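Okay, data.cif now, which holds mmCIF, C-alpha atoms and all ligand atoms:
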```
data_work
loop_
_atom_site.label_atom_id
_atom_site.label_comp_id
_atom_site.auth_asym_id
_atom_site.auth_seq_id
_atom_site.Cartn_x
_atom_site.Cartn_y
_atom_site.Cartn_z
CA ARG A 9 12.79 15.49 -21.38
CA GLN A 10 10.56 12.61 -20.32
CA ALA A 11 11.64 10.69 -23.40
CA VAL A 12 15.32 11.24 -22.57
CA ALA A 13 14.74 10.23 -18.94
CA ALA A 14 12.96 7.07 -20.06
CA GLY A 15 15.81 6.16 -22.42
CA VAL A 16 13.65 6.41 -25.52
CA LEU A 17 15.49 6.49 -28.84
CA VAL A 18 14.50 9.83 -30.38
CA ASN A 19 14.51 10.21 -34.15
CA VAL A 20 15.91 13.69 -34.79
CA GLU A 21 14.05 15.34 -37.67
CA SER A 22 15.76 18.72 -37.77
CA PHE A 23 18.78 20.68 -36.52
CA ARG A 24 16.55 22.58 -34.11
CA GLU A 25 15.76 19.45 -32.10
CA VAL A 26 19.37 18.98 -31.02
CA ARG A 27 19.42 21.84 -28.53
CA PRO A 28 16.42 20.85 -26.36
CA LEU A 29 17.71 17.29 -26.36
CA ALA A 30 21.14 18.52 -25.24
CA GLU A 31 19.54 20.63 -22.50
CA ALA A 32 17.51 17.67 -21.27
CA SER A 33 20.61 15.48 -21.35
CA GLN A 34 22.58 17.95 -19.26
CA ALA A 35 19.77 18.44 -16.74
CA LEU A 36 19.36 14.70 -16.32
CA GLY A 37 23.03 13.76 -16.55
CA LEU A 38 21.99 11.24 -19.19
CA PRO A 39 22.83 11.64 -22.87
CA ALA A 40 19.77 11.46 -25.11
CA ARG A 41 19.71 8.40 -27.37
CA VAL A 42 19.22 9.68 -30.90
CA ALA A 43 18.88 8.45 -34.46
CA VAL A 44 18.73 10.74 -37.48
CA ARG A 45 15.68 10.70 -39.74
CA VAL A 46 17.07 11.11 -43.22
CA ASN A 47 15.26 12.52 -46.23
CA PRO A 48 16.95 10.43 -48.90
CA ASP A 49 17.57 11.62 -52.43
CA PHE A 50 15.33 8.87 -53.84
CA GLU A 51 11.66 8.00 -53.53
CA LEU A 52 9.69 4.79 -53.06
CA LYS A 53 8.43 4.20 -56.59
CA GLY A 54 4.73 3.57 -57.05
CA SER A 55 3.76 4.57 -53.50
CA GLY A 56 0.32 5.83 -52.54
CA MET A 57 2.13 8.51 -50.54
CA LYS A 58 5.72 9.53 -51.22
CA MET A 59 7.65 10.74 -48.21
CA SER A 60 11.17 11.13 -49.54
CA GLY A 61 13.18 12.43 -52.48
CA GLY A 62 13.25 16.10 -53.42
CA PRO A 63 12.18 18.73 -50.90
CA LYS A 64 10.20 17.12 -48.04
CA GLN A 65 9.05 18.13 -44.57
CA PHE A 66 10.27 14.83 -43.11
CA GLY A 67 13.75 14.36 -41.76
CA VAL A 68 16.97 16.05 -42.80
CA ASP A 69 18.19 16.03 -46.40
CA ALA A 70 20.85 13.35 -46.86
CA GLU A 71 23.42 15.94 -47.99
CA GLN A 72 22.98 17.87 -44.71
CA VAL A 73 23.28 14.80 -42.50
CA PRO A 74 27.11 14.91 -42.07
CA GLN A 75 26.73 18.41 -40.61
CA LEU A 76 23.90 17.26 -38.33
CA LEU A 77 26.01 14.32 -37.15
CA GLN A 78 28.77 16.77 -36.19
CA THR A 79 26.22 18.91 -34.31
CA ILE A 80 24.98 15.82 -32.46
CA ALA A 81 28.54 14.84 -31.54
CA ASP A 82 29.34 18.40 -30.33
CA ALA A 83 26.18 18.40 -28.18
CA GLY A 84 27.27 15.15 -26.51
CA LEU A 85 24.18 13.16 -27.53
CA ALA A 86 24.37 9.39 -27.87
CA PHE A 87 24.11 8.72 -31.60
CA GLU A 88 22.67 5.30 -32.38
CA GLY A 89 21.60 5.20 -36.00
CA PHE A 90 19.39 6.23 -38.88
CA HIS A 91 15.71 6.23 -39.72
CA LEU A 92 14.49 6.30 -43.32
CA PHE A 93 10.86 6.14 -44.38
CA ALA A 94 10.51 6.55 -48.12
CA GLY A 95 6.78 6.11 -48.66
CA SER A 96 3.52 4.43 -47.79
CA GLN A 97 0.90 2.09 -49.35
CA ASN A 98 3.02 0.22 -51.88
CA LEU A 99 1.94 -3.08 -53.44
CA ARG A 100 5.04 -3.63 -55.56
CA ALA A 101 7.55 -5.87 -53.84
CA GLU A 102 10.34 -4.92 -56.25
CA ALA A 103 9.89 -1.19 -55.46
CA ILE A 104 10.01 -1.88 -51.72
CA CYS A 105 13.15 -4.02 -52.15
CA GLU A 106 14.79 -1.29 -54.22
CA ALA A 107 14.00 1.36 -51.58
CA GLN A 108 15.31 -0.89 -48.80
CA GLN A 109 18.55 -1.49 -50.71
CA LYS A 110 19.02 2.20 -51.43
CA SER A 111 18.22 3.07 -47.80
CA TYR A 112 20.80 0.57 -46.61
CA GLU A 113 23.47 1.89 -49.02
CA LEU A 114 22.75 5.46 -48.00
CA ALA A 115 23.00 4.60 -44.29
CA LEU A 116 26.28 2.84 -44.97
CA ARG A 117 27.65 5.99 -46.63
CA LEU A 118 26.35 8.28 -43.89
CA ALA A 119 27.76 6.00 -41.19
CA GLN A 120 31.26 7.08 -42.27
CA ASP A 121 30.58 10.51 -40.73
CA ALA A 122 28.81 9.18 -37.64
CA PRO A 123 30.25 9.87 -34.19
CA ALA A 124 29.51 6.29 -33.06
CA PRO A 125 28.80 2.91 -34.67
CA VAL A 126 25.30 2.40 -36.09
CA ARG A 127 23.32 0.27 -33.67
CA PHE A 128 19.88 0.90 -35.13
CA LEU A 129 18.92 1.13 -38.78
CA ASN A 130 15.25 1.67 -39.60
CA LEU A 131 14.67 0.91 -43.28
CA GLY A 132 11.06 2.13 -43.24
CA GLY A 133 8.01 0.26 -44.44
CA GLY A 134 5.44 1.15 -47.02
CA PHE A 135 3.92 -2.35 -47.14
CA GLY A 136 0.52 -1.79 -48.74
CA ILE A 137 -2.80 -3.62 -48.54
CA PRO A 138 -5.25 -4.05 -51.45
CA TYR A 139 -8.11 -1.54 -51.33
CA PHE A 140 -9.39 -1.28 -54.88
CA PRO A 141 -10.51 -3.62 -57.68
CA GLY A 142 -7.57 -5.13 -59.54
CA GLU A 143 -5.10 -4.55 -56.72
CA LYS A 144 -3.09 -7.62 -55.77
CA ARG A 145 -1.86 -8.59 -52.32
CA LEU A 146 1.78 -7.69 -51.69
CA ASP A 147 4.13 -10.63 -52.25
CA LEU A 148 6.24 -10.82 -49.08
CA ALA A 149 8.63 -13.57 -50.26
CA PRO A 150 10.99 -11.34 -52.29
CA ILE A 151 10.95 -8.73 -49.53
CA GLY A 152 11.92 -11.40 -46.99
CA ASP A 153 14.77 -12.57 -49.27
CA ASN A 154 15.95 -9.00 -49.74
CA LEU A 155 15.96 -8.31 -46.01
CA ALA A 156 17.84 -11.56 -45.38
CA GLN A 157 20.54 -10.42 -47.83
CA LEU A 158 20.78 -7.01 -46.18
CA LEU A 159 21.03 -8.65 -42.75
CA GLN A 160 23.84 -10.81 -44.07
CA ARG A 161 25.71 -7.76 -45.35
CA ALA A 162 25.10 -5.85 -42.13
CA GLN A 163 26.85 -8.57 -40.14
CA THR A 164 30.17 -7.41 -41.59
CA GLU A 165 29.43 -3.84 -42.77
CA LEU A 166 27.44 -2.60 -39.75
CA PRO A 167 28.16 -5.32 -37.20
CA GLN A 168 26.45 -3.63 -34.26
CA ALA A 169 23.32 -2.62 -36.15
CA LYS A 170 19.85 -3.93 -35.52
CA LEU A 171 17.77 -3.66 -38.70
CA VAL A 172 14.20 -2.50 -38.22
CA ILE A 173 11.16 -2.12 -40.47
CA GLU A 174 8.25 0.12 -39.55
CA LEU A 175 4.82 -1.15 -40.58
CA GLY A 176 1.44 0.46 -39.98
CA ARG A 177 -1.60 -0.48 -42.03
CA TYR A 178 -0.12 -3.84 -43.02
CA PHE A 179 -0.67 -5.05 -39.44
CA VAL A 180 -4.11 -3.65 -38.75
CA GLY A 181 -5.71 -2.27 -41.92
CA GLU A 182 -7.47 -5.49 -42.91
CA ALA A 183 -8.46 -6.31 -39.33
CA GLY A 184 -11.05 -3.54 -39.06
CA VAL A 185 -14.47 -2.90 -40.61
CA TYR A 186 -16.44 0.31 -40.41
CA VAL A 187 -20.21 -0.02 -40.02
CA ALA A 188 -22.82 2.72 -40.51
CA ARG A 189 -26.60 2.52 -40.43
CA VAL A 190 -28.82 3.61 -43.32
CA ILE A 191 -31.04 6.43 -42.05
CA ASP A 192 -32.63 7.41 -45.35
CA ARG A 193 -33.11 6.14 -48.85
CA LYS A 194 -33.66 8.72 -51.58
CA VAL A 195 -33.78 8.74 -55.35
CA SER A 196 -32.42 11.80 -57.10
CA ARG A 197 -32.90 11.94 -60.86
CA GLY A 198 -32.64 8.19 -61.13
CA LEU A 199 -29.70 7.62 -58.72
CA VAL A 200 -30.35 5.84 -55.42
CA TYR A 201 -28.75 7.49 -52.38
CA LEU A 202 -28.39 5.57 -49.14
CA VAL A 203 -27.86 8.19 -46.44
CA THR A 204 -26.05 6.84 -43.36
CA ASP A 205 -25.38 8.04 -39.84
CA GLY A 206 -21.66 7.86 -40.57
CA GLY A 207 -19.36 9.13 -43.27
CA LEU A 208 -16.39 11.38 -43.86
CA HIS A 209 -16.24 12.51 -40.21
CA HIS A 210 -15.66 8.88 -39.11
CA HIS A 211 -13.77 7.54 -42.10
CA LEU A 212 -12.04 10.26 -44.07
CA SER A 213 -9.92 7.81 -46.05
CA ALA A 214 -12.87 5.76 -47.33
CA SER A 215 -14.48 9.00 -48.48
CA GLY A 216 -11.43 9.55 -50.68
CA ASN A 217 -10.35 12.75 -48.97
CA PHE A 218 -7.19 11.47 -47.29
CA GLY A 219 -4.79 11.77 -50.19
CA GLN A 220 -6.60 10.02 -53.07
CA VAL A 221 -5.92 11.88 -56.30
CA VAL A 222 -8.67 10.07 -58.18
CA ARG A 223 -11.44 8.92 -55.85
CA LYS A 224 -12.03 5.15 -55.79
CA ASN A 225 -14.50 3.13 -53.76
CA TYR A 226 -13.25 1.11 -50.82
CA PRO A 227 -14.73 -2.41 -50.70
CA VAL A 228 -18.28 -1.87 -49.41
CA CYS A 229 -21.28 -4.17 -48.90
CA ILE A 230 -24.67 -4.16 -47.21
CA GLY A 231 -23.89 -6.32 -44.18
CA THR A 232 -27.51 -7.07 -43.32
CA ARG A 233 -28.29 -8.35 -46.82
CA MET A 234 -25.37 -10.59 -47.65
CA ASN A 235 -27.63 -13.34 -49.03
CA ASP A 236 -30.03 -11.12 -50.98
CA SER A 237 -30.08 -11.55 -54.73
CA SER A 238 -31.73 -8.22 -55.42
CA VAL A 239 -29.01 -5.69 -56.33
CA GLU A 240 -28.96 -2.11 -57.57
CA THR A 241 -26.53 0.71 -58.26
CA ALA A 242 -26.48 3.10 -55.31
CA SER A 243 -24.32 5.78 -53.74
CA VAL A 244 -23.70 5.68 -50.00
CA VAL A 245 -23.40 9.13 -48.47
CA GLY A 246 -23.07 10.56 -44.96
CA PRO A 247 -25.13 13.23 -43.19
CA LEU A 248 -22.70 16.15 -43.67
CA CYS A 249 -23.33 19.25 -45.78
CA THR A 250 -20.73 18.44 -48.41
CA PRO A 251 -20.71 16.24 -51.51
CA LEU A 252 -17.30 15.01 -50.31
CA ASP A 253 -19.19 12.99 -47.68
CA LEU A 254 -19.30 9.88 -49.83
CA LEU A 255 -18.62 6.29 -48.78
CA ALA A 256 -19.53 4.60 -52.07
CA ASP A 257 -19.99 6.24 -55.44
CA ARG A 258 -22.45 4.43 -57.72
CA MET A 259 -21.61 0.89 -56.58
CA LEU A 260 -23.50 -2.29 -57.27
CA LEU A 261 -24.92 -3.19 -53.84
CA ALA A 262 -27.69 -5.32 -52.39
CA ARG A 263 -30.92 -3.33 -52.39
CA ALA A 264 -30.94 -1.62 -48.97
CA ASP A 265 -33.43 0.29 -46.89
CA VAL A 266 -33.57 2.35 -43.72
CA GLY A 267 -32.09 0.34 -40.84
CA ASP A 268 -29.71 -1.72 -42.97
CA LEU A 269 -26.00 -1.67 -42.17
CA VAL A 270 -23.36 -0.54 -44.63
CA VAL A 271 -19.99 -2.20 -44.11
CA VAL A 272 -16.68 -0.75 -45.32
CA PHE A 273 -13.77 -3.20 -45.32
CA GLN A 274 -10.03 -2.44 -44.98
CA SER A 275 -10.86 0.06 -42.26
CA GLY A 276 -8.51 -0.93 -39.44
CA ALA A 277 -6.03 1.85 -40.26
CA TYR A 278 -6.55 5.55 -40.97
CA GLY A 279 -10.18 5.35 -39.82
CA ALA A 280 -11.42 7.24 -36.77
CA SER A 281 -7.99 8.56 -35.82
CA ALA A 282 -7.52 10.12 -39.27
CA SER A 283 -10.98 11.70 -39.44
CA PRO A 284 -12.45 15.08 -38.46
CA GLN A 285 -14.89 13.63 -35.92
CA ALA A 286 -15.98 17.02 -34.54
CA PHE A 287 -16.97 18.37 -37.95
CA LEU A 288 -20.62 19.45 -37.76
CA GLY A 289 -21.06 17.97 -34.30
CA HIS A 290 -22.43 14.56 -35.21
CA PRO A 291 -21.89 11.72 -32.73
CA GLN A 292 -18.44 10.18 -32.73
CA CYS A 293 -18.02 6.64 -33.97
CA VAL A 294 -17.68 3.82 -31.47
CA GLU A 295 -14.63 1.59 -31.64
CA VAL A 296 -15.19 -2.01 -30.62
CA LEU A 297 -12.44 -4.57 -30.17
CA VAL A 298 -13.75 -8.05 -30.97
C1 LIG B 1 7.31 7.49 -40.26
C2 LIG B 1 6.15 6.62 -40.57
N1 LIG B 1 6.14 5.35 -40.13
C3 LIG B 1 5.10 4.51 -40.39
C4 LIG B 1 4.00 4.93 -41.13
C5 LIG B 1 2.89 3.96 -41.41
O1 LIG B 1 2.65 3.80 -42.78
P1 LIG B 1 1.71 2.61 -43.30
O2 LIG B 1 0.46 2.64 -42.51
O3 LIG B 1 1.49 2.91 -44.75
O4 LIG B 1 2.47 1.33 -43.09
C6 LIG B 1 3.97 6.25 -41.60
C7 LIG B 1 2.84 6.73 -42.39
O5 LIG B 1 2.80 7.79 -42.94
C8 LIG B 1 5.06 7.11 -41.31
O6 LIG B 1 5.07 8.38 -41.73
#
```

Would you kindly transcribe this structure into structure tokens?
Ligand SMILES: Cc1ncc(COP(=O)(O)O)c(C=O)c1O
Amino acid sequence: RQAVAAGVLVNVESFREVRPLAEASQALGLPARVAVRVNPDFELKGSGMKMSGGPKQFGVDAEQVPQLLQTIADAGLAFEGFHLFAGSQNLRAEAICEAQQKSYELALRLAQDAPAPVRFLNLGGGFGIPYFPGEKRLDLAPIGDNLAQLLQRAQTELPQAKLVIELGRYFVGEAGVYVARVIDRKVSRGLVYLVTDGGLHHHLSASGNFGQVVRKNYPVCIGTRMNDSSVETASVVGPLCTPLDLLADRMLLARADVGDLVVVFQSGAYGASASPQAFLGHPQCVEVLV
């Protein structure tokens, strides 16, 4: 109701959401502004996380959208457009372009059943950042060209539509580092363990437990020994009672000791907010804006 009163554009994700929006609209005498989140019948190829194609919990299946549009019209809501988000963490420009083109074409088809012209078309995002060895930075040039072509088409095919992309980690992922202090150094059957005061509970994604199928190390270094030439293979672990609490698995690192600082790069997205900070009651991490 607050969203409707504030004139927020609400992305409708299911048939059920129409009724409370209609009730709020009636109570306020103000039709809710809505867009429909569509679960398309294609996926974003090569994504770290696929969020479309086949059965999905996100949005409404494309084939059910005409019926939803009718329901929205009957409820007197102010239809404004479509939202598609096909996947996340993609480093292949051609796959992103393909998904954007398919999203646009699908929206164009669905617009034929819409109760009002499309004024808002969210083509999603999925722009990835490099985390692991061998990964290359996303080439934005072809994506820019592709969007320019779609904008050109939209001028005649969807003349009232504003095209939108929805980026997350691309903006902030590389801007943040996570720092934990070494509180112990142990050797177990030949492998050096650096135990830190942080870990999975602060940075679930760096531990590999936020959707990695095969665990890979984030870029990690010993921040207090950047100029040291003495290196060794070590694992960086946290203080929790699970072997999943791992920040670096057998990495070549500067030789570190108690008090040194372990730095994990690419940590500006899916860090503290995506982590079970209360697990085992250790202190929460501190976020500092520099
Ligand atoms: C709807 C939606 N928008 C944006 C994002 C942000 O994705 P990313 O951080 O990969 O850009 C997500 C992530 O899952 C999402 O589900």

Show which residues sit within 6 Å of region 61-78 of chain A, as a compact mmCIF listing (two decimals) with C-alpha atoms, keeping the file's coordinate frame. Count only C-alpha atoms, and ignore same-chain residues fewer than 4 positions away.
```txt
# COMPACT_ATOMS: atom_id res chain seq x y z
CA GLU A 21 14.05 15.34 -37.67
CA SER A 22 15.76 18.72 -37.77
CA ARG A 45 15.68 10.70 -39.74
CA VAL A 46 17.07 11.11 -43.22
CA ASN A 47 15.26 12.52 -46.23
CA PRO A 48 16.95 10.43 -48.90
CA ASP A 49 17.57 11.62 -52.43
CA PHE A 50 15.33 8.87 -53.84
CA GLU A 51 11.66 8.00 -53.53
CA ASP A 121 30.58 10.51 -40.73
CA ALA A 122 28.81 9.18 -37.64
```

All residues having an atom within 10 Å of ligand LIG 1 (chain B) (all atoms listed in the file) as number ranges by chain | A: 19, 45, 55-59, 66-67, 91-98, 130, 132-137, 173-181, 277-278

Residues within 8 Å of Pro150 (chain A), all atoms listed in the file, excluding chain neighbours under 5 positions, as a PDB file with C-alpha atoms, keeping the file's coordinate frame:
```
ATOM      1  CA  ALA A 101       7.550  -5.870 -53.840  1.00  0.00           C
ATOM      2  CA  GLU A 102      10.340  -4.920 -56.250  1.00  0.00           C
ATOM      3  CA  CYS A 105      13.150  -4.020 -52.150  1.00  0.00           C
TER       4      CYS A 105
END
```

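The nearest approach to Leu260 (chain A) among the residues A:Val172, A:Val244, A:Val272, A:Leu36, with all atoms listed in the file taken into account, belongs to A:Val244.
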
Of the residues A:Leu248, A:Leu202, A:Leu99, A:Val126, which is the one nearest to Gly54 (chain A), using all atoms listed in the file?
->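 Checking each candidate against Gly54 (chain A), we get A:Leu99 as the closest.
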
As lines of an AutoDock Vina configuration file, please: the centre and edge lengths in Å, to one decimal, of an axis-aligned box enclosing every listed atom of region 280-294 of chain A with 6 Å added on each side.
```
center_x = -15.0
center_y = 11.6
center_z = -35.5
size_x = 26.9
size_y = 27.6
size_z = 20.0
```

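For the choices A:Cys293, A:Gly84, A:Ala169, A:Val245, the atom-to-atom distance to Ala119 (chain A) is smallest for A:Ala169 when using all atoms listed in the file.
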
Skipping near chain neighbours, those fewer than 6 positions away, what residues fall within 10 Å of Ala13 (chain A) using all atoms listed in the file, listed as a PyMOL selection string?
-> chain A and resi 32-33+35-41

Just write the chosen residues, C-alpha atoms, as a compact mmCIF listing (two decimals), keeping the file's coordinate frame.
```
# COMPACT_ATOMS: atom_id res chain seq x y z
CA ALA A 32 17.51 17.67 -21.27
CA SER A 33 20.61 15.48 -21.35
CA ALA A 35 19.77 18.44 -16.74
CA LEU A 36 19.36 14.70 -16.32
CA GLY A 37 23.03 13.76 -16.55
CA LEU A 38 21.99 11.24 -19.19
CA PRO A 39 22.83 11.64 -22.87
CA ALA A 40 19.77 11.46 -25.11
CA ARG A 41 19.71 8.40 -27.37
```

Please work out which residues fall within 10 Å of (-10.8, 15.5, -39.9), coordinates as given in the file, with only C-alpha atoms counting, and return them as a PyMOL selection string.
-> chain A and resi 208-213+217-218+280-287

Between A:Leu269, A:Ala115, A:Val16, A:Leu29, which is the closest to Ala188 (chain A) once you count all atoms listed in the file?
->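 Of the candidates, the smallest distance to Ala188 (chain A) is held by A:Leu269.
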
Between CA of Leu297 (chain A) and CA of Val271 (chain A), measure the distance and give it in Å to one decimal.
-> 16.0 Å

Of the residues A:Gly231, A:Pro251, A:Gly89, A:Gly276, which is the one nearest to Val18 (chain A), using only C-alpha atoms?
->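 Ranking A:Gly231, A:Pro251, A:Gly89, A:Gly276 by distance to Val18 (chain A), first place goes to A:Gly89.
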
Please, what distance in Å, to one decimal, runs between CA of Ala256 (chain A) and CA of Val203 (chain A)?
-> 10.7 Å

Which is closer to Asp82 (chain A) than all the others in A:Val190, A:Val221, A:Val26, A:Ala242, using all atoms listed in the file?
->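 Among the listed residues, A:Val26 lies closest to Asp82 (chain A).
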
Could you pull the residues within 9 Å of region 155-162 of chain A, counting all atoms listed in the file, minus those fewer than 3 positions along the same chain, as a PyMOL selection string?
-> chain A and resi 105+108-109+112+150-152+165-171

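From CA of Val222 (chain A) back to CA of Gly198 (chain A), the distance works out to 24.2 Å.
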
What's the 8 Å shell around region 252-255 of chain A, counting all atoms listed in the file, without same-chain residues fewer than 2 positions away, as a PyMOL selection string?
-> chain A and resi 207-208+214-217+225-226+243-250+257

Once N, CA, C and O atoms are restored for region 29-40 of chain A, what would the output be as a compact mmCIF listing (two decimals), keeping the file's coordinate frame?
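Final output, out-v3.txt:
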```
# COMPACT_ATOMS: atom_id res chain seq x y z
N LEU A 29 17.26 18.62 -26.80
CA LEU A 29 17.71 17.29 -26.36
C LEU A 29 19.00 17.41 -25.54
O LEU A 29 19.18 16.71 -24.54
N ALA A 30 19.88 18.32 -25.97
CA ALA A 30 21.14 18.52 -25.24
C ALA A 30 20.85 19.10 -23.85
O ALA A 30 21.45 18.69 -22.85
N GLU A 31 19.89 20.03 -23.80
CA GLU A 31 19.54 20.63 -22.50
C GLU A 31 18.96 19.57 -21.55
O GLU A 31 19.31 19.50 -20.38
N ALA A 32 18.10 18.74 -22.10
CA ALA A 32 17.51 17.67 -21.27
C ALA A 32 18.60 16.71 -20.81
O ALA A 32 18.62 16.28 -19.64
N SER A 33 19.52 16.41 -21.70
CA SER A 33 20.61 15.48 -21.35
C SER A 33 21.44 16.04 -20.20
O SER A 33 21.79 15.31 -19.25
N GLN A 34 21.76 17.34 -20.31
CA GLN A 34 22.58 17.95 -19.26
C GLN A 34 21.84 17.97 -17.93
O GLN A 34 22.39 17.61 -16.89
N ALA A 35 20.55 18.36 -17.98
CA ALA A 35 19.77 18.44 -16.74
C ALA A 35 19.66 17.07 -16.07
O ALA A 35 19.67 16.97 -14.85
N LEU A 36 19.57 16.04 -16.87
CA LEU A 36 19.36 14.70 -16.32
C LEU A 36 20.68 13.95 -16.09
O LEU A 36 20.68 12.87 -15.47
N GLY A 37 21.76 14.48 -16.63
CA GLY A 37 23.03 13.76 -16.55
C GLY A 37 22.98 12.47 -17.34
O GLY A 37 23.62 11.47 -16.99
N LEU A 38 22.21 12.47 -18.40
CA LEU A 38 21.99 11.24 -19.19
C LEU A 38 21.93 11.64 -20.67
O LEU A 38 21.01 12.36 -21.07
N PRO A 39 22.87 11.21 -21.47
CA PRO A 39 22.83 11.64 -22.87
C PRO A 39 21.62 11.06 -23.60
O PRO A 39 21.31 9.87 -23.47
N ALA A 40 20.93 11.92 -24.34
CA ALA A 40 19.77 11.46 -25.11
C ALA A 40 20.22 10.46 -26.16
O ALA A 40 21.23 10.66 -26.83
```
